[in-house]
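Participant: This one is input_19.cif, mmCIF, C-alpha atoms.
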data_final
loop_
_atom_site.label_atom_id
_atom_site.label_comp_id
_atom_site.auth_asym_id
_atom_site.auth_seq_id
_atom_site.Cartn_x
_atom_site.Cartn_y
_atom_site.Cartn_z
CA MET A 1 18.28 -15.69 -11.55
CA LYS A 2 15.21 -17.54 -12.80
CA ILE A 3 12.40 -16.22 -14.97
CA TYR A 4 8.98 -17.84 -15.09
CA GLU A 5 7.42 -17.12 -18.45
CA GLN A 6 5.32 -18.35 -21.33
CA ARG A 7 7.59 -18.06 -24.33
CA SER A 8 4.86 -17.17 -26.84
CA ALA A 9 3.44 -14.27 -24.80
CA PRO A 10 4.45 -10.67 -25.57
CA ASN A 11 5.33 -9.47 -22.05
CA PRO A 12 7.94 -12.19 -21.41
CA ARG A 13 9.35 -11.34 -24.83
CA ARG A 14 9.89 -7.73 -23.71
CA VAL A 15 12.04 -9.00 -20.83
CA ARG A 16 14.01 -11.40 -23.05
CA ILE A 17 14.82 -8.61 -25.53
CA PHE A 18 15.83 -6.36 -22.63
CA LEU A 19 18.16 -9.09 -21.32
CA ALA A 20 19.60 -9.64 -24.81
CA GLU A 21 20.33 -5.88 -25.19
CA LYS A 22 22.16 -5.99 -21.84
CA GLY A 23 24.05 -9.17 -22.79
CA LEU A 24 22.51 -11.02 -19.83
CA LEU A 25 20.46 -13.79 -21.48
CA ASP A 26 22.91 -16.53 -20.43
CA GLN A 27 22.69 -15.53 -16.76
CA VAL A 28 19.02 -16.50 -16.52
CA THR A 29 17.30 -19.88 -16.30
CA PHE A 30 13.89 -19.77 -18.00
CA VAL A 31 11.01 -21.86 -16.65
CA GLN A 32 8.07 -22.30 -19.03
CA LEU A 33 4.49 -22.18 -17.74
CA ASP A 34 1.43 -22.82 -19.90
CA MET A 35 -1.54 -20.61 -19.09
CA ASP A 36 -3.86 -22.76 -21.21
CA LYS A 37 -3.07 -25.69 -18.90
CA GLY A 38 -3.84 -23.61 -15.79
CA GLU A 39 -0.19 -23.43 -14.74
CA LEU A 40 -0.57 -19.79 -13.61
CA GLU A 41 -3.47 -20.79 -11.36
CA THR A 42 -1.54 -23.09 -9.01
CA GLU A 43 -0.95 -22.21 -5.36
CA ALA A 44 2.78 -22.64 -5.86
CA PHE A 45 2.80 -19.96 -8.57
CA ALA A 46 0.47 -17.68 -6.59
CA ARG A 47 3.11 -17.66 -3.85
CA LYS A 48 5.57 -16.25 -6.41
CA ASN A 49 3.05 -13.77 -7.88
CA ALA A 50 -0.29 -13.30 -6.16
CA TRP A 51 -1.54 -11.57 -9.34
CA GLN A 52 -0.82 -14.76 -11.34
CA ARG A 53 0.81 -13.27 -14.39
CA VAL A 54 4.09 -13.91 -16.20
CA PRO A 55 6.89 -12.93 -16.38
CA VAL A 56 8.20 -13.29 -12.81
CA LEU A 57 11.87 -12.84 -11.93
CA GLU A 58 13.04 -15.00 -9.01
CA LEU A 59 16.27 -13.91 -7.38
CA ASP A 60 18.73 -16.40 -5.89
CA ASP A 61 17.40 -15.72 -2.37
CA GLY A 62 13.84 -16.58 -3.49
CA THR A 63 12.57 -12.98 -3.70
CA CYS A 64 10.13 -12.68 -6.62
CA LEU A 65 9.50 -9.60 -8.75
CA ALA A 66 6.51 -9.39 -11.10
CA GLU A 67 5.54 -6.81 -13.74
CA THR A 68 7.59 -6.54 -16.92
CA VAL A 69 8.77 -2.97 -16.39
CA ALA A 70 9.64 -3.54 -12.72
CA ILE A 71 11.82 -6.49 -13.76
CA CYS A 72 13.53 -4.45 -16.49
CA ARG A 73 14.10 -1.51 -14.15
CA TYR A 74 15.72 -3.80 -11.57
CA LEU A 75 18.02 -5.27 -14.25
CA GLU A 76 18.92 -1.71 -15.35
CA GLU A 77 19.97 -0.86 -11.78
CA LEU A 78 22.18 -3.96 -11.54
CA HIS A 79 23.60 -3.55 -15.06
CA PRO A 80 23.38 0.13 -16.04
CA GLU A 81 25.17 -0.21 -19.41
CA PRO A 82 23.98 0.07 -22.09
CA SER A 83 21.35 2.39 -20.64
CA LEU A 84 17.81 1.48 -21.76
CA PHE A 85 15.90 3.81 -19.42
CA GLY A 86 17.67 7.10 -20.23
CA ARG A 87 20.98 8.79 -19.43
CA SER A 88 19.88 11.94 -17.54
CA ALA A 89 16.97 12.92 -15.28
CA LEU A 90 15.12 14.54 -18.20
CA GLU A 91 15.84 11.71 -20.62
CA ARG A 92 14.73 9.15 -18.01
CA ALA A 93 11.46 11.06 -17.65
CA GLN A 94 11.05 11.18 -21.44
CA VAL A 95 11.73 7.45 -21.75
CA GLU A 96 9.16 6.81 -19.02
CA MET A 97 6.67 9.09 -20.83
CA TRP A 98 7.14 7.31 -24.15
CA ASN A 99 7.20 3.83 -22.68
CA ARG A 100 3.89 4.58 -20.98
CA ARG A 101 2.37 6.16 -24.08
CA VAL A 102 3.34 3.07 -26.07
CA GLU A 103 2.25 0.65 -23.38
CA LEU A 104 -1.01 2.25 -22.24
CA GLY A 105 -1.89 3.81 -25.60
CA PHE A 106 -0.86 1.11 -28.08
CA PHE A 107 0.36 -2.23 -26.66
CA PHE A 108 -2.67 -2.28 -24.38
CA GLN A 109 -5.12 -1.71 -27.28
CA ILE A 110 -3.65 -4.58 -29.27
CA SER A 111 -3.76 -6.81 -26.22
CA GLN A 112 -7.41 -5.92 -25.53
CA ALA A 113 -8.32 -6.54 -29.18
CA PHE A 114 -6.67 -9.96 -28.88
CA ARG A 115 -8.16 -10.92 -25.55
CA HIS A 116 -11.70 -9.84 -26.44
CA THR A 117 -11.96 -11.15 -30.01
CA HIS A 118 -9.76 -14.29 -30.14
CA PRO A 119 -11.63 -17.57 -29.44
CA ALA A 120 -8.61 -18.99 -27.56
CA MET A 121 -8.95 -16.21 -24.97
CA ALA A 122 -12.62 -16.88 -24.15
CA PRO A 123 -11.90 -19.11 -21.11
CA LEU A 124 -9.44 -16.56 -19.66
CA GLU A 125 -11.31 -13.32 -20.37
CA THR A 126 -14.68 -13.61 -18.64
CA PRO A 127 -16.75 -12.03 -19.94
CA GLN A 128 -15.21 -11.56 -23.36
CA VAL A 129 -16.65 -8.29 -24.76
CA PRO A 130 -16.17 -8.39 -28.56
CA ALA A 131 -17.41 -4.80 -29.03
CA TRP A 132 -14.61 -3.63 -26.71
CA GLY A 133 -12.06 -5.73 -28.61
CA GLU A 134 -13.15 -4.20 -31.91
CA ALA A 135 -13.16 -0.63 -30.52
CA ASN A 136 -9.50 -1.04 -29.64
CA LYS A 137 -8.42 -1.81 -33.20
CA ALA A 138 -9.21 1.71 -34.41
CA ARG A 139 -7.46 3.20 -31.39
CA ALA A 140 -4.36 1.12 -31.98
CA LEU A 141 -4.12 2.42 -35.54
CA GLN A 142 -4.50 6.02 -34.34
CA SER A 143 -1.63 5.46 -31.90
CA LEU A 144 0.50 4.01 -34.68
CA ALA A 145 0.06 7.24 -36.63
CA ARG A 146 1.16 9.20 -33.54
CA LEU A 147 4.26 7.01 -33.23
CA ASN A 148 5.00 7.70 -36.89
CA ASP A 149 4.88 11.45 -36.11
CA ALA A 150 7.31 10.97 -33.21
CA LEU A 151 9.65 8.95 -35.42
CA ALA A 152 9.70 11.79 -37.95
CA GLU A 153 11.55 13.77 -35.26
CA ARG A 154 14.17 11.26 -34.12
CA ARG A 155 15.72 7.86 -34.80
CA PHE A 156 14.02 5.93 -31.97
CA ILE A 157 10.73 6.31 -30.10
CA ALA A 158 11.92 8.20 -27.01
CA ALA A 159 15.43 9.41 -27.80
CA ASP A 160 18.24 9.29 -30.35
CA VAL A 161 19.26 5.92 -28.86
CA PHE A 162 17.40 2.61 -28.51
CA THR A 163 15.46 2.37 -25.21
CA VAL A 164 12.91 0.22 -23.44
CA ALA A 165 10.17 2.19 -25.26
CA ASP A 166 11.39 0.70 -28.56
CA ILE A 167 11.17 -2.80 -27.07
CA THR A 168 7.57 -2.19 -25.95
CA ALA A 169 6.63 -0.73 -29.34
CA MET A 170 8.27 -3.51 -31.38
CA CYS A 171 6.56 -6.23 -29.31
CA ALA A 172 3.23 -4.43 -29.73
CA VAL A 173 3.67 -4.14 -33.51
CA ASN A 174 4.44 -7.88 -33.71
CA PHE A 175 1.39 -8.60 -31.55
CA MET A 176 -0.78 -7.05 -34.30
CA ARG A 177 -0.42 -10.28 -36.34
CA PRO A 178 -2.64 -12.57 -34.20
CA VAL A 179 -5.16 -9.70 -34.05
CA ARG A 180 -5.05 -9.56 -37.88
CA LEU A 181 -4.30 -5.85 -37.85
CA LYS A 182 -2.04 -4.59 -40.64
CA ARG A 183 0.22 -1.56 -40.48
CA PRO A 184 -1.43 1.09 -42.69
CA GLU A 185 0.52 2.20 -45.77
CA GLY A 186 2.21 5.57 -45.74
CA LEU A 187 3.70 5.51 -42.21
CA GLU A 188 7.21 5.83 -43.63
CA HIS A 189 9.00 6.85 -40.42
CA LEU A 190 7.44 3.93 -38.56
CA GLU A 191 8.54 1.52 -41.33
CA ARG A 192 12.10 2.89 -41.26
CA TRP A 193 12.20 2.41 -37.47
CA TYR A 194 10.57 -1.04 -37.64
CA SER A 195 13.17 -2.31 -40.15
CA GLU A 196 15.95 -1.05 -37.92
CA VAL A 197 14.72 -2.48 -34.61
CA THR A 198 13.73 -5.87 -36.03
CA GLU A 199 17.21 -6.27 -37.50
CA ARG A 200 18.86 -5.97 -34.08
CA PRO A 201 20.14 -9.34 -32.79
CA SER A 202 17.93 -8.93 -29.69
CA ALA A 203 14.73 -9.08 -31.79
CA THR A 204 14.82 -12.88 -31.98
CA ALA A 205 15.48 -13.40 -28.27
CA MET B 1 7.22 25.00 -13.33
CA LYS B 2 3.70 24.96 -14.70
CA ILE B 3 1.20 22.09 -14.63
CA TYR B 4 -1.74 21.88 -17.00
CA GLU B 5 -4.50 19.92 -15.34
CA GLN B 6 -8.19 19.49 -14.74
CA ARG B 7 -8.57 19.72 -11.00
CA SER B 8 -11.44 17.23 -10.70
CA ALA B 9 -9.65 14.43 -12.63
CA PRO B 10 -7.85 11.64 -10.74
CA ASN B 11 -4.50 11.67 -12.58
CA PRO B 12 -3.76 15.36 -11.90
CA ARG B 13 -4.68 14.65 -8.28
CA ARG B 14 -1.95 11.97 -8.12
CA VAL B 15 0.62 14.60 -9.15
CA ARG B 16 -0.69 17.20 -6.66
CA ILE B 17 -0.49 14.70 -3.78
CA PHE B 18 3.03 13.76 -4.90
CA LEU B 19 4.02 17.45 -4.90
CA ALA B 20 2.44 17.95 -1.46
CA GLU B 21 4.39 14.98 -0.03
CA LYS B 22 7.58 16.55 -1.41
CA GLY B 23 6.67 20.01 -0.05
CA LEU B 24 6.74 21.43 -3.59
CA LEU B 25 3.15 22.56 -4.17
CA ASP B 26 4.02 26.25 -3.90
CA GLN B 27 6.71 25.96 -6.60
CA VAL B 28 4.15 25.13 -9.30
CA THR B 29 1.66 27.29 -11.18
CA PHE B 30 -1.47 25.29 -12.06
CA VAL B 31 -3.35 26.02 -15.28
CA GLN B 32 -6.88 24.60 -15.44
CA LEU B 33 -8.21 23.06 -18.67
CA ASP B 34 -11.77 21.79 -19.12
CA MET B 35 -12.04 18.66 -21.21
CA ASP B 36 -15.83 19.02 -21.49
CA LYS B 37 -15.23 22.37 -23.25
CA GLY B 38 -12.76 20.77 -25.69
CA GLU B 39 -9.77 22.53 -24.12
CA LEU B 40 -7.59 19.41 -24.54
CA GLU B 41 -8.41 19.35 -28.27
CA THR B 42 -6.80 22.65 -29.21
CA GLU B 43 -3.71 22.84 -31.40
CA ALA B 44 -1.92 24.87 -28.74
CA PHE B 45 -2.39 22.06 -26.21
CA ALA B 46 -1.51 19.35 -28.76
CA ARG B 47 1.88 21.08 -29.12
CA LYS B 48 2.43 20.53 -25.38
CA ASN B 49 1.12 16.94 -25.41
CA ALA B 50 0.38 15.29 -28.76
CA TRP B 51 -1.62 12.63 -26.87
CA GLN B 52 -3.91 15.38 -25.50
CA ARG B 53 -4.18 14.27 -21.90
CA VAL B 54 -3.63 16.01 -18.57
CA PRO B 55 -1.56 16.43 -16.47
CA VAL B 56 1.34 18.02 -18.38
CA LEU B 57 4.38 19.48 -16.62
CA GLU B 58 5.94 22.44 -18.46
CA LEU B 59 9.49 23.30 -17.43
CA ASP B 60 10.79 26.88 -17.43
CA ASP B 61 12.52 26.30 -20.80
CA GLY B 62 9.23 25.19 -22.38
CA THR B 63 9.98 21.43 -22.37
CA CYS B 64 6.78 19.52 -21.68
CA LEU B 65 6.45 16.16 -19.92
CA ALA B 66 3.23 14.16 -20.02
CA GLU B 67 2.13 11.00 -18.19
CA THR B 68 1.51 11.13 -14.45
CA VAL B 69 4.24 8.69 -13.43
CA ALA B 70 6.85 10.26 -15.74
CA ILE B 71 6.15 13.64 -14.11
CA CYS B 72 6.41 12.16 -10.60
CA ARG B 73 9.61 10.31 -11.47
CA TYR B 74 11.19 13.53 -12.77
CA LEU B 75 10.21 15.37 -9.59
CA GLU B 76 11.73 12.52 -7.53
CA GLU B 77 15.04 12.93 -9.39
CA LEU B 78 15.11 16.68 -8.72
CA HIS B 79 13.94 16.34 -5.11
CA PRO B 80 14.90 12.86 -3.82
CA GLU B 81 13.69 13.38 -0.23
CA PRO B 82 11.38 12.07 1.07
CA SER B 83 11.77 9.12 -1.27
CA LEU B 84 8.46 8.07 -2.85
CA PHE B 85 9.86 5.57 -5.38
CA GLY B 86 11.97 3.40 -3.03
CA ARG B 87 15.32 3.65 -1.23
CA SER B 88 17.29 0.74 -2.77
CA ALA B 89 17.40 -1.06 -6.13
CA LEU B 90 15.16 -3.84 -4.83
CA GLU B 91 12.75 -1.50 -3.08
CA ARG B 92 12.53 0.67 -6.21
CA ALA B 93 11.63 -2.45 -8.21
CA GLN B 94 9.03 -3.43 -5.61
CA VAL B 95 7.52 0.07 -5.63
CA GLU B 96 7.37 -0.08 -9.43
CA MET B 97 5.77 -3.53 -9.25
CA TRP B 98 3.10 -2.39 -6.78
CA ASN B 99 2.45 0.92 -8.47
CA ARG B 100 1.84 -0.95 -11.72
CA ARG B 101 -0.34 -3.61 -10.07
CA VAL B 102 -2.43 -0.84 -8.53
CA GLU B 103 -2.52 1.25 -11.69
CA LEU B 104 -3.06 -1.46 -14.33
CA GLY B 105 -5.01 -3.85 -12.09
CA PHE B 106 -7.22 -1.48 -10.07
CA PHE B 107 -7.12 2.24 -10.98
CA PHE B 108 -7.55 1.29 -14.62
CA GLN B 109 -10.62 -0.88 -13.90
CA ILE B 110 -12.33 1.93 -12.00
CA SER B 111 -11.51 4.36 -14.76
CA GLN B 112 -12.89 2.01 -17.45
CA ALA B 113 -16.05 1.45 -15.40
CA PHE B 114 -16.45 5.24 -15.19
CA ARG B 115 -15.68 5.99 -18.83
CA HIS B 116 -17.93 3.24 -20.21
CA THR B 117 -20.97 3.60 -17.95
CA HIS B 118 -21.17 7.30 -17.02
CA PRO B 119 -23.39 9.41 -19.33
CA ALA B 120 -20.99 12.38 -19.08
CA MET B 121 -18.26 10.30 -20.73
CA ALA B 122 -20.31 9.33 -23.82
CA PRO B 123 -18.98 12.15 -26.03
CA LEU B 124 -15.34 11.35 -25.08
CA GLU B 125 -15.43 7.55 -25.14
CA THR B 126 -16.56 6.55 -28.63
CA PRO B 127 -17.92 3.98 -28.68
CA GLN B 128 -18.94 3.65 -25.06
CA VAL B 129 -19.18 -0.11 -24.32
CA PRO B 130 -21.34 -0.49 -21.19
CA ALA B 131 -20.72 -4.27 -20.97
CA TRP B 132 -16.99 -3.54 -20.71
CA GLY B 133 -17.60 -0.89 -18.05
CA GLU B 134 -19.67 -3.34 -15.98
CA ALA B 135 -17.12 -6.17 -16.38
CA ASN B 136 -14.51 -3.93 -14.79
CA LYS B 137 -16.47 -3.42 -11.58
CA ALA B 138 -16.09 -7.07 -10.52
CA ARG B 139 -12.38 -6.98 -11.39
CA ALA B 140 -11.82 -3.84 -9.37
CA LEU B 141 -13.34 -5.50 -6.31
CA GLN B 142 -11.14 -8.58 -6.77
CA SER B 143 -8.07 -6.30 -6.88
CA LEU B 144 -9.21 -4.55 -3.72
CA ALA B 145 -9.21 -7.94 -1.95
CA ARG B 146 -5.66 -8.55 -3.18
CA LEU B 147 -4.58 -5.14 -1.86
CA ASN B 148 -6.14 -6.07 1.48
CA ASP B 149 -3.97 -9.23 1.51
CA ALA B 150 -0.85 -7.15 0.80
CA LEU B 151 -1.77 -4.72 3.57
CA ALA B 152 -2.01 -7.62 6.02
CA GLU B 153 1.77 -7.97 5.54
CA ARG B 154 2.91 -4.37 5.88
CA ARG B 155 1.87 -0.84 6.76
CA PHE B 156 1.72 0.57 3.21
CA ILE B 157 1.06 -0.94 -0.23
CA ALA B 158 4.64 -1.46 -1.44
CA ALA B 159 6.86 -1.01 1.61
CA ASP B 160 6.90 -0.07 5.29
CA VAL B 161 6.91 3.60 4.19
CA PHE B 162 4.44 5.65 2.14
CA THR B 163 5.23 5.56 -1.60
CA VAL B 164 3.79 6.55 -4.95
CA ALA B 165 1.87 3.24 -4.96
CA ASP B 166 -0.17 4.50 -1.99
CA ILE B 167 -0.99 7.68 -3.89
CA THR B 168 -2.21 5.69 -6.90
CA ALA B 169 -4.27 3.37 -4.70
CA MET B 170 -5.85 6.17 -2.65
CA CYS B 171 -6.85 8.11 -5.78
CA ALA B 172 -8.34 4.91 -7.26
CA VAL B 173 -10.34 4.18 -4.09
CA ASN B 174 -11.73 7.73 -4.13
CA PHE B 175 -12.56 7.34 -7.83
CA MET B 176 -14.93 4.47 -6.85
CA ARG B 177 -17.48 7.05 -5.69
CA PRO B 178 -18.56 8.40 -9.13
CA VAL B 179 -18.67 4.76 -10.32
CA ARG B 180 -20.99 3.99 -7.35
CA LEU B 181 -18.77 1.13 -6.21
CA LYS B 182 -18.57 0.58 -2.45
CA ARG B 183 -15.68 -0.97 -0.57
CA PRO B 184 -16.86 -4.43 0.52
CA GLU B 185 -17.10 -5.05 4.27
CA GLY B 186 -14.46 -7.18 5.95
CA LEU B 187 -11.33 -5.76 4.26
CA GLU B 188 -9.94 -4.68 7.60
CA HIS B 189 -6.33 -4.12 6.52
CA LEU B 190 -7.47 -1.99 3.59
CA GLU B 191 -9.67 0.10 5.91
CA ARG B 192 -6.79 0.58 8.39
CA TRP B 193 -4.55 1.76 5.51
CA TYR B 194 -7.26 3.96 3.97
CA SER B 195 -7.85 5.79 7.28
CA GLU B 196 -4.15 6.41 7.61
CA VAL B 197 -3.46 7.68 4.08
CA THR B 198 -6.56 9.90 3.89
CA GLU B 199 -5.52 11.58 7.15
CA ARG B 200 -2.19 12.73 5.69
CA PRO B 201 -2.18 16.48 4.91
CA SER B 202 -1.38 15.68 1.26
CA ALA B 203 -4.74 13.93 0.77
CA THR B 204 -6.57 17.23 0.28
CA ALA B 205 -4.04 18.68 -2.19
#
Write the structure described by the file as structure tokens, please.
Facilitator:
Amino acid sequence: MKIYEQRSAPNPRRVRIFLAEKGLLDQVTFVQLDMDKGELETEAFARKNAWQRVPVLELDDGTCLAETVAICRYLEELHPEPSLFGRSALERAQVEMWNRRVELGFFFQISQAFRHTHPAMAPLETPQVPAWGEANKARALQSLARLNDALAERRFIAADVFTVADITAMCAVNFMRPVRLKRPEGLEHLERWYSEVTERPSATA
Amino acid sequence: MKIYEQRSAPNPRRVRIFLAEKGLLDQVTFVQLDMDKGELETEAFARKNAWQRVPVLELDDGTCLAETVAICRYLEELHPEPSLFGRSALERAQVEMWNRRVELGFFFQISQAFRHTHPAMAPLETPQVPAWGEANKARALQSLARLNDALAERRFIAADVFTVADITAMCAVNFMRPVRLKRPEGLEHLERWYSEVTERPSATA
């Protein structure tokens, strides 16, 4: 298996952490692409992913899969243990619910704040809309408070075990740094969870 | 089973179409909530979904599931036939990939254009950022061209059979109307697909 990625970007990191949790990192060859050098815009890459985003998983027969969660879900089917998408129909639905809440309601806000306020993103995000970037900062902090409430109820975001929703949330929290957003004081359950997930060996993958 | 929804909103429609395709519509009691009247802001509803969005599926034991795709995925587990999420590991990954491309790269753009340019959304979307709404219209049309390319290759969006990705795409195309976006001429594969999916009995669910 081959993965096309840009190592510094948060979505490829989600896949690397997922692979590390499954013990699969050494089964994958990583190919680095640099979006600042236009390496996602080539025709060769468009044949692998017409939507021109990383990460892309290329199987040995040349089939390419794009979209972070689609790649993770495929890896879960091939290597079900340890389960990162839930262990029963209801838990799988709850993991999906929480992964989407975190992704669409938190990760996305941070990413929009980054893309619409960071000067390095101006050539890629046309038009850059700074007012939209700023609006997302307040929303991201509101979501963080909601995650703190959830983490008052259980050890991890979606369940009593570590799941893909924790990976999405941890990558989003780390993505706050380039946006210069700080975690507000007083979110004690979030801080307890953050210490635990960042100490896992997978966190540095 | 009970579903809390607002009938006119596009995400509840995705779940109704999914239920209709599964032949399950008559097993669900629908409860209407009106977001313009603040009915998603009540404490009673926040106990069902802390993120205060519809649809919400309430099981007979009171467990509540939010997020459109989490609800559909749970229904797929309980009622696997006809399969709407794929019939093999690879097809399930491809359906996930396409459903996400359609949702994050098309449905979302239409929804942002609506929320940030429509006067009715001003009280809910604070601040409304009209420049962001407008920027999304061009992106939505670019995605529509990419869907047309995909539909040149196969009968439906993700596979040779109808899947959840077709439901997401059809609801997004219909959501173009309140945004006053028209389908550009010349997307013949998209038009062929759109005629076929809107003629299915589920389309009016």
Participant: Please check which residues have atoms at most 9 Å from (0.3, 7.4, -27.9) in the file's coordinates, counting all atoms listed in the file, and write them as number ranges by chain.
Facilitator: A: 98, 100-106, 140, 142-147; B: 50-51
Participant: Can you measure atom CA of B:Lys2 to atom CA of B:Val197 for me? One decimal in Å is fine.
Facilitator: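 Between atom CA of B:Lys2 and atom CA of B:Val197 the gap is 26.5 Å.
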Participant: Residues at most 12 Å from B:Leu141, counting only C-alpha atoms, excluding those fewer than 3 positions away in the same chain, as a PDB file with C-alpha atoms, keeping the file's coordinate frame?
Facilitator:
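Output contents, as saved in part_17.pdb:
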ATOM      1  CA  GLY B 105      -5.010  -3.850 -12.090  1.00  0.00           C
ATOM      2  CA  PHE B 106      -7.220  -1.480 -10.070  1.00  0.00           C
ATOM      3  CA  PHE B 107      -7.120   2.240 -10.980  1.00  0.00           C
ATOM      4  CA  GLN B 109     -10.620  -0.880 -13.900  1.00  0.00           C
ATOM      5  CA  ILE B 110     -12.330   1.930 -12.000  1.00  0.00           C
ATOM      6  CA  ALA B 113     -16.050   1.450 -15.400  1.00  0.00           C
ATOM      7  CA  GLU B 134     -19.670  -3.340 -15.980  1.00  0.00           C
ATOM      8  CA  ALA B 135     -17.120  -6.170 -16.380  1.00  0.00           C
ATOM      9  CA  ASN B 136     -14.510  -3.930 -14.790  1.00  0.00           C
ATOM     10  CA  LYS B 137     -16.470  -3.420 -11.580  1.00  0.00           C
ATOM     11  CA  ALA B 138     -16.090  -7.070 -10.520  1.00  0.00           C
ATOM     12  CA  LEU B 144      -9.210  -4.550  -3.720  1.00  0.00           C
ATOM     13  CA  ALA B 145      -9.210  -7.940  -1.950  1.00  0.00           C
ATOM     14  CA  ARG B 146      -5.660  -8.550  -3.180  1.00  0.00           C
ATOM     15  CA  LEU B 147      -4.580  -5.140  -1.860  1.00  0.00           C
ATOM     16  CA  ASN B 148      -6.140  -6.070   1.480  1.00  0.00           C
ATOM     17  CA  ALA B 172      -8.340   4.910  -7.260  1.00  0.00           C
ATOM     18  CA  VAL B 173     -10.340   4.180  -4.090  1.00  0.00           C
ATOM     19  CA  MET B 176     -14.930   4.470  -6.850  1.00  0.00           C
ATOM     20  CA  LEU B 181     -18.770   1.130  -6.210  1.00  0.00           C
ATOM     21  CA  LYS B 182     -18.570   0.580  -2.450  1.00  0.00           C
ATOM     22  CA  ARG B 183     -15.680  -0.970  -0.570  1.00  0.00           C
ATOM     23  CA  PRO B 184     -16.860  -4.430   0.520  1.00  0.00           C
ATOM     24  CA  GLU B 185     -17.100  -5.050   4.270  1.00  0.00           C
ATOM     25  CA  LEU B 187     -11.330  -5.760   4.260  1.00  0.00           C
TER      26      LEU B 187
END
Participant: Under the rule that all atoms listed in the file are counted, which of A:Ala93, A:Ile157, A:Ala152, A:Met1 is the nearest residue to chain B?
Facilitator: A:Ala93
Participant: For this structure, which residues satisfy the selection - the PyMOL selection byres ((chain A) within 6 of (chain B)) - when it is evaluated on the file as given? I want them as number ranges by chain.
Facilitator: A: 67, 70, 74, 93, 96-97
Participant: Just how far from atom CA of A:His118 is atom CA of A:Gln32, in Å to one decimal?
Facilitator: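 Atom-to-atom, atom CA of A:Gln32 to atom CA of A:His118, that is 22.5 Å.
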Participant: Would you write out, as an MDAnalysis selection string, every residue that the PyMOL selection byres ((chain A and resi 13) around 10) captures in this file?
Facilitator: chainID A and resid 5:12 14:19 55 68 167:168 171 203:205
Participant: As an exercise, work out the distance from atom CA of A:Glu58 to atom CA of A:Ala44 in Å and give it to one decimal place.
Facilitator: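 Distance between the two atoms: 13.2 Å.
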Participant: Find the axis-aligned box for stretch 189-203 of chain A, covering all its listed atoms and adding 5 Å on each side, and write its centre and edge lengths in Å to one decimal as JSON.
Facilitator:
{"center_x": 13.8, "center_y": -1.2, "center_z": -35.5, "size_x": 22.7, "size_y": 26.2, "size_z": 21.6}
Participant: With a distance cut-off of 8 Å and all atoms listed in the file, select the neighbouring residues of stretch 33-40 of chain A, excluding the residue or stretch itself and same-chain residues fewer than 4 positions from it, and output the selection as a list in words.
Facilitator: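 Once the nearby chain positions are removed, what remains is Tyr4, Glu5, Gln6, Phe45, Ala46, Gln52, Arg53 and Val54 of chain A.
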Participant: Residues around (8.5, 17.1, 2.0), cut-off 7 Å, counting all atoms listed in the file - what are they as number ranges by chain?
Facilitator: B: 21-23, 81-82
Participant: Generate the coordinates of N, CA and C atoms for stretch 17-27 of chain B; report them as a compact mmCIF listing (two decimals), keeping the file's coordinate frame.
Facilitator:
# COMPACT_ATOMS: atom_id res chain seq x y z
N ILE B 17 -0.83 15.36 -5.05
CA ILE B 17 -0.49 14.70 -3.78
C ILE B 17 1.02 14.44 -3.72
N PHE B 18 1.58 14.01 -4.84
CA PHE B 18 3.03 13.76 -4.90
C PHE B 18 3.79 15.04 -4.57
N LEU B 19 3.38 16.15 -5.17
CA LEU B 19 4.02 17.45 -4.90
C LEU B 19 3.87 17.83 -3.43
N ALA B 20 2.68 17.59 -2.87
CA ALA B 20 2.44 17.95 -1.46
C ALA B 20 3.35 17.13 -0.55
N GLU B 21 3.51 15.83 -0.84
CA GLU B 21 4.39 14.98 -0.03
C GLU B 21 5.84 15.45 -0.09
N LYS B 22 6.21 16.04 -1.24
CA LYS B 22 7.58 16.55 -1.41
C LYS B 22 7.73 17.98 -0.88
N GLY B 23 6.61 18.61 -0.49
CA GLY B 23 6.67 20.01 -0.05
C GLY B 23 6.91 20.97 -1.20
N LEU B 24 6.43 20.63 -2.39
CA LEU B 24 6.74 21.43 -3.59
C LEU B 24 5.53 22.14 -4.19
N LEU B 25 4.36 22.02 -3.54
CA LEU B 25 3.15 22.56 -4.17
C LEU B 25 3.27 24.03 -4.53
N ASP B 26 3.96 24.81 -3.66
CA ASP B 26 4.02 26.25 -3.90
C ASP B 26 5.05 26.63 -4.97
N GLN B 27 5.75 25.65 -5.52
CA GLN B 27 6.71 25.96 -6.60
C GLN B 27 6.09 25.78 -7.99
